[in-house]
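In what follows, a single structure is set out as structure tokens and then discussed.
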Amino acid sequence: MAEPAPAAGENALVTIAAVEVPPRGWDTATGPGQAYREFLECHALRVAHERALWGNLDRCDTLEEAVEYWRGNEYEERRLYLARRGPETVGFCSVTLPLRENMHTAGIDVLIVPGRRREGLGRALLDHAEAVAGNSGRTSLGAYHEVPAHAAVGPMLPAKSGAGGLPLGDPAVAFAVAAGYELEQVERSSRLALPVPPELLDRLVTEASPRAEDYAITGWDDACPENLVQAYARLKATMTTDVPIAGMDWEGEDWDPARVRAEEQTLVRGGTRSAVTAAVHRATGELVAYTVLNWRPGVPDSILQQDTLVTSGHRGRRLGMLIKVANLKRARHRWPSARSVLTWNANENQHMLAINIALGFEPAGYEGEWQKRLG
């Protein structure tokens with residue numbers, strides 16, 4: 001359904017219409033482009049935005065990933081809307097709606113074509129997305145955006161309940177503040193150049209190992225072994241409650257083996273490959289830590305660091321360092337073409353930042369987590 005929304009200062013109406021997502025089995029290489037032209041336009045806008053902001057597509061979903069993501073799943077509904085002024089595509093917005101936990105929340109995103117910014121289009125799209133969320137019974141909205149490290153200069157807007165801040169001169173910061181969003185948390189993105197010198201990794205393992213003699217390191221590619229999947233699901237659930245979330249209005253997620261398998265299958269269908277390293281407590285056989293790296297053949301130079309967790313009762317034993325080093329070695333063997341790893345950490349997560357700094361990660365940018373409560 002198309003819903004017209006007037007753009008401030010313009011006589012023409014902006015048409016905002018839901019985008020049809022290609023079905024499972026659609027071939028992104030040879031599929032009929034015209035049948036899903038609007039979806040391909042949205043993806044092209046995202047690609048152009050990422051390339052302009054970063055000079056690369058390291059953070060950007062590939063088309064395969066985007067198709068798989070926007071189909072949604074039993075845990076989250078995802079809606080995408082394309083905006084046109086007459087025949088011209090001017091931007092898009094999206095709304096994500098959790099379906100199991102956090103059902104009072106929604107994720108909001110807005111992107112406007114560079115040549116059409118400051119014309120009221122962003123606010124029209126944001127109003128539309130917020131209305132979709134409100135009509136779905138959501139009362140807490142979340143959004144995020146990133147700023148490259150070199151642009152994080154000048155007067156800063158401090159995070160409300162986390163640490164760090166974002167530059168007040170950034171247009172997205174001004175837009176979010178004007179729309180009633182509060183900056184709750186800032187995450188630092190960091191980049192590690194590959195390959196990491198082997199002597200550095202060996203030294204870090206030598207320093208950490210004496211404190212971790214009660215643990216064994218294990219790992220897997222793409223799919224968790226059946227004998228570990230129940231324990232892995234428990235760790236995934238713990239990850240949603242143990243990471244710093246500042247004042248974000250989120251609750252923990254309930255993970256079971258079925259949810260783990262669903263996530264694994266989604267990644268594979270989207271072309272993503274994963275390397276996981278975990279730590280097992282020898283005395284109890286308990287899985288107590290894990291870390292994940294993802295690689296996409298469409299972006300072969302870059303690896304994305306995803307979750308890293310050490311459960312609270314097993315911290316202080318250098319397990320975070322040991323599993324990260326082991327996973328970097330696993331990834332180097334499996335994806336030798338990769339030239340860097342990207343990771344994100346809350347500014348207040350000083351322990352994990354210290355591990356990353358010791359490994360050689362350097363600041364790349366800052367991500368703001370924004371929140372707005374309706375009603």
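In the structure tokens, each chain is lettered A, B, ... as it comes, each chain's residues begin at 1, and ligands are numbered from 1 in order of appearance.
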Please list as a ChimeraX atom specification every residue within 12 Å of Ser312 in chain A, counting only C-alpha atoms and excluding residues in the same chain fewer than 6 positions away. /A:235,238-239,241-243,288-289,319-320
Deliver the residues from the most recent selection as a file, using N, CA and C atoms, as a compact mmCIF listing (two decimals), in the first residue's frame.
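Resulting contents of out29.txt:
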# COMPACT_ATOMS: atom_id res chain seq x y z
N LEU A 235 24.66 -19.94 26.04
CA LEU A 235 25.60 -18.83 25.94
C LEU A 235 25.03 -17.70 25.10
N THR A 238 22.74 -15.78 27.24
CA THR A 238 23.50 -14.98 28.21
C THR A 238 24.10 -13.75 27.55
N MET A 239 24.50 -13.87 26.30
CA MET A 239 25.09 -12.74 25.57
C MET A 239 24.11 -11.57 25.52
N THR A 241 22.05 -10.60 27.74
CA THR A 241 21.84 -9.94 29.04
C THR A 241 23.14 -9.43 29.66
N ASP A 242 24.28 -9.99 29.24
CA ASP A 242 25.55 -9.64 29.89
C ASP A 242 26.30 -8.50 29.23
N VAL A 243 26.02 -8.21 27.97
CA VAL A 243 26.75 -7.13 27.31
C VAL A 243 26.23 -5.78 27.80
N VAL A 288 31.80 -22.21 28.44
CA VAL A 288 31.79 -20.99 29.26
C VAL A 288 32.20 -19.73 28.50
N ALA A 289 32.61 -19.85 27.26
CA ALA A 289 33.01 -18.67 26.48
C ALA A 289 32.95 -19.00 25.00
N LEU A 319 40.43 -15.98 29.26
CA LEU A 319 39.76 -16.77 28.24
C LEU A 319 39.39 -15.93 27.02
N GLY A 320 39.00 -14.66 27.25
CA GLY A 320 38.66 -13.79 26.12
C GLY A 320 39.81 -13.68 25.15
Residues of range 149-189 of chain A that approach range 120-135 of chain A to 10 Å or less, counting only C-alpha atoms: could you list each one with the shortest pair of atoms and its distance in Å to one decimal, rows by chain and increasing residue number, as a tab-separated table?
residue	atom	partner	partner_atom	distance
A:Phe175	CA	A:Arg123	CA	8.4
A:Ala176	CA	A:Arg123	CA	9.8
A:Ala178	CA	A:Arg123	CA	9.7
A:Ala179	CA	A:Arg123	CA	7.9
Kindly give the distance, in Å, that separates CA of Thr266 in chain A and CA of Trp370 in chain A, rounded to a single decimal.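 Result for CA of Thr266 in chain A versus CA of Trp370 in chain A: 27.0 Å, one decimal.
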Could you tell me which of A:Leu287, A:Gly107, A:Pro198, A:Asp214 comes closest to Gln230 in chain A if we count only C-alpha atoms?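 The answer is A:Leu287, which sits nearest to Gln230 in chain A.
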List the spatial neighbours of range 160-168 of chain A as a PyMOL selection string - criterion: any atom at most 7 Å away, only C-alpha atoms, same-chain residues fewer than 3 positions off excluded. chain A and resi 152-157+173-174+183-186+246-247+347-348
Please return as JSON, numbers by chain: the residues of range 100-269 of chain A that backbone DSSP assigns to helix (DSSP H, G or I). {"A": [114, 115, 116, 121, 122, 123, 124, 125, 126, 127, 128, 129, 130, 131, 132, 133, 134, 135, 149, 150, 151, 171, 172, 173, 174, 175, 176, 177, 178, 198, 199, 200, 201, 202, 203, 204, 205, 206, 207, 208, 209, 210, 211, 212, 229, 230, 231, 232, 233, 234, 235, 236, 237, 238, 239, 240, 241, 242, 257, 258, 259, 260, 261, 262, 263, 264, 265, 266, 267, 268, 269]}
Looking at only C-alpha atoms, which of A:Val113, A:Leu201, A:Ala106, A:Val310 is the one that sits closest to Ser136 in chain A?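 Between A:Val113, A:Leu201, A:Ala106, A:Val310, the residue approaching Ser136 in chain A most closely is A:Ala106.
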Apply DSSP to the structure's backbone, then extract all residues of range 102-306 of chain A labelled strand (DSSP E) and return them as a VMD selection string. chain A and resid 105 to 112 140 to 148 156 to 158 165 to 167 182 to 193 215 to 221 273 to 281 287 to 295 302 to 306
Any idea what the distance is between CA of Glu226 in chain A and CA of Asp307 in chain A?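 Calculated distance between CA of Glu226 in chain A and CA of Asp307 in chain A is 20.1 Å.
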Find the residues near Leu82 in chain A: any atom within 8 Å, counting only C-alpha atoms, skip ones fewer than 6 places away on the same chain, and give them as a PyMOL selection string. chain A and resi 16-19+38+42+89+91-93
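Residue nearest Val21 in chain A, chosen from A:Leu342, A:Ala66, A:Ala223, A:Val196 and counting only C-alpha atoms: A:Ala66.
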So how many Å separate CA of Val325 in chain A and CA of Trp255 in chain A, to one decimal?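 The value is 26.4 Å.
Shortest atom-to-atom contact with Met321 in chain A among A:Asp27, A:Glu68, A:Thr291, A:Asp170: A:Thr291, counting only C-alpha atoms.
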If we count only C-alpha atoms, what is near Glu187 in chain A at a cut-off of 6 Å, once residues fewer than 2 positions away on the same chain are taken out, given as a ChimeraX atom specification? /A:345-347,366-367
Could you write those residues out with N, CA and C atoms, as a PDB file, in the first residue's frame?
ATOM      1  N   ASN A 345      32.554  -2.362  20.000  1.00  0.00           N
ATOM      2  CA  ASN A 345      32.488  -2.519  21.452  1.00  0.00           C
ATOM      3  C   ASN A 345      31.919  -1.260  22.076  1.00  0.00           C
ATOM      4  N   ALA A 346      31.051  -1.443  23.071  1.00  0.00           N
ATOM      5  CA  ALA A 346      30.581  -0.289  23.834  1.00  0.00           C
ATOM      6  C   ALA A 346      31.771   0.408  24.478  1.00  0.00           C
ATOM      7  N   ASN A 347      31.748   1.740  24.473  1.00  0.00           N
ATOM      8  CA  ASN A 347      32.859   2.492  25.053  1.00  0.00           C
ATOM      9  C   ASN A 347      33.115   2.118  26.511  1.00  0.00           C
ATOM     10  N   TYR A 366      32.610   5.435  15.193  1.00  0.00           N
ATOM     11  CA  TYR A 366      31.782   5.412  16.401  1.00  0.00           C
ATOM     12  C   TYR A 366      30.323   5.262  15.982  1.00  0.00           C
ATOM     13  N   GLU A 367      29.620   4.384  16.687  1.00  0.00           N
ATOM     14  CA  GLU A 367      28.218   4.120  16.386  1.00  0.00           C
ATOM     15  C   GLU A 367      27.346   4.604  17.540  1.00  0.00           C
TER      16      GLU A 367
END
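The closest residue to Val229 in chain A, picked from A:Pro257, A:Gly55, A:Gly115, A:Gly252 and counting only C-alpha atoms, is A:Pro257.
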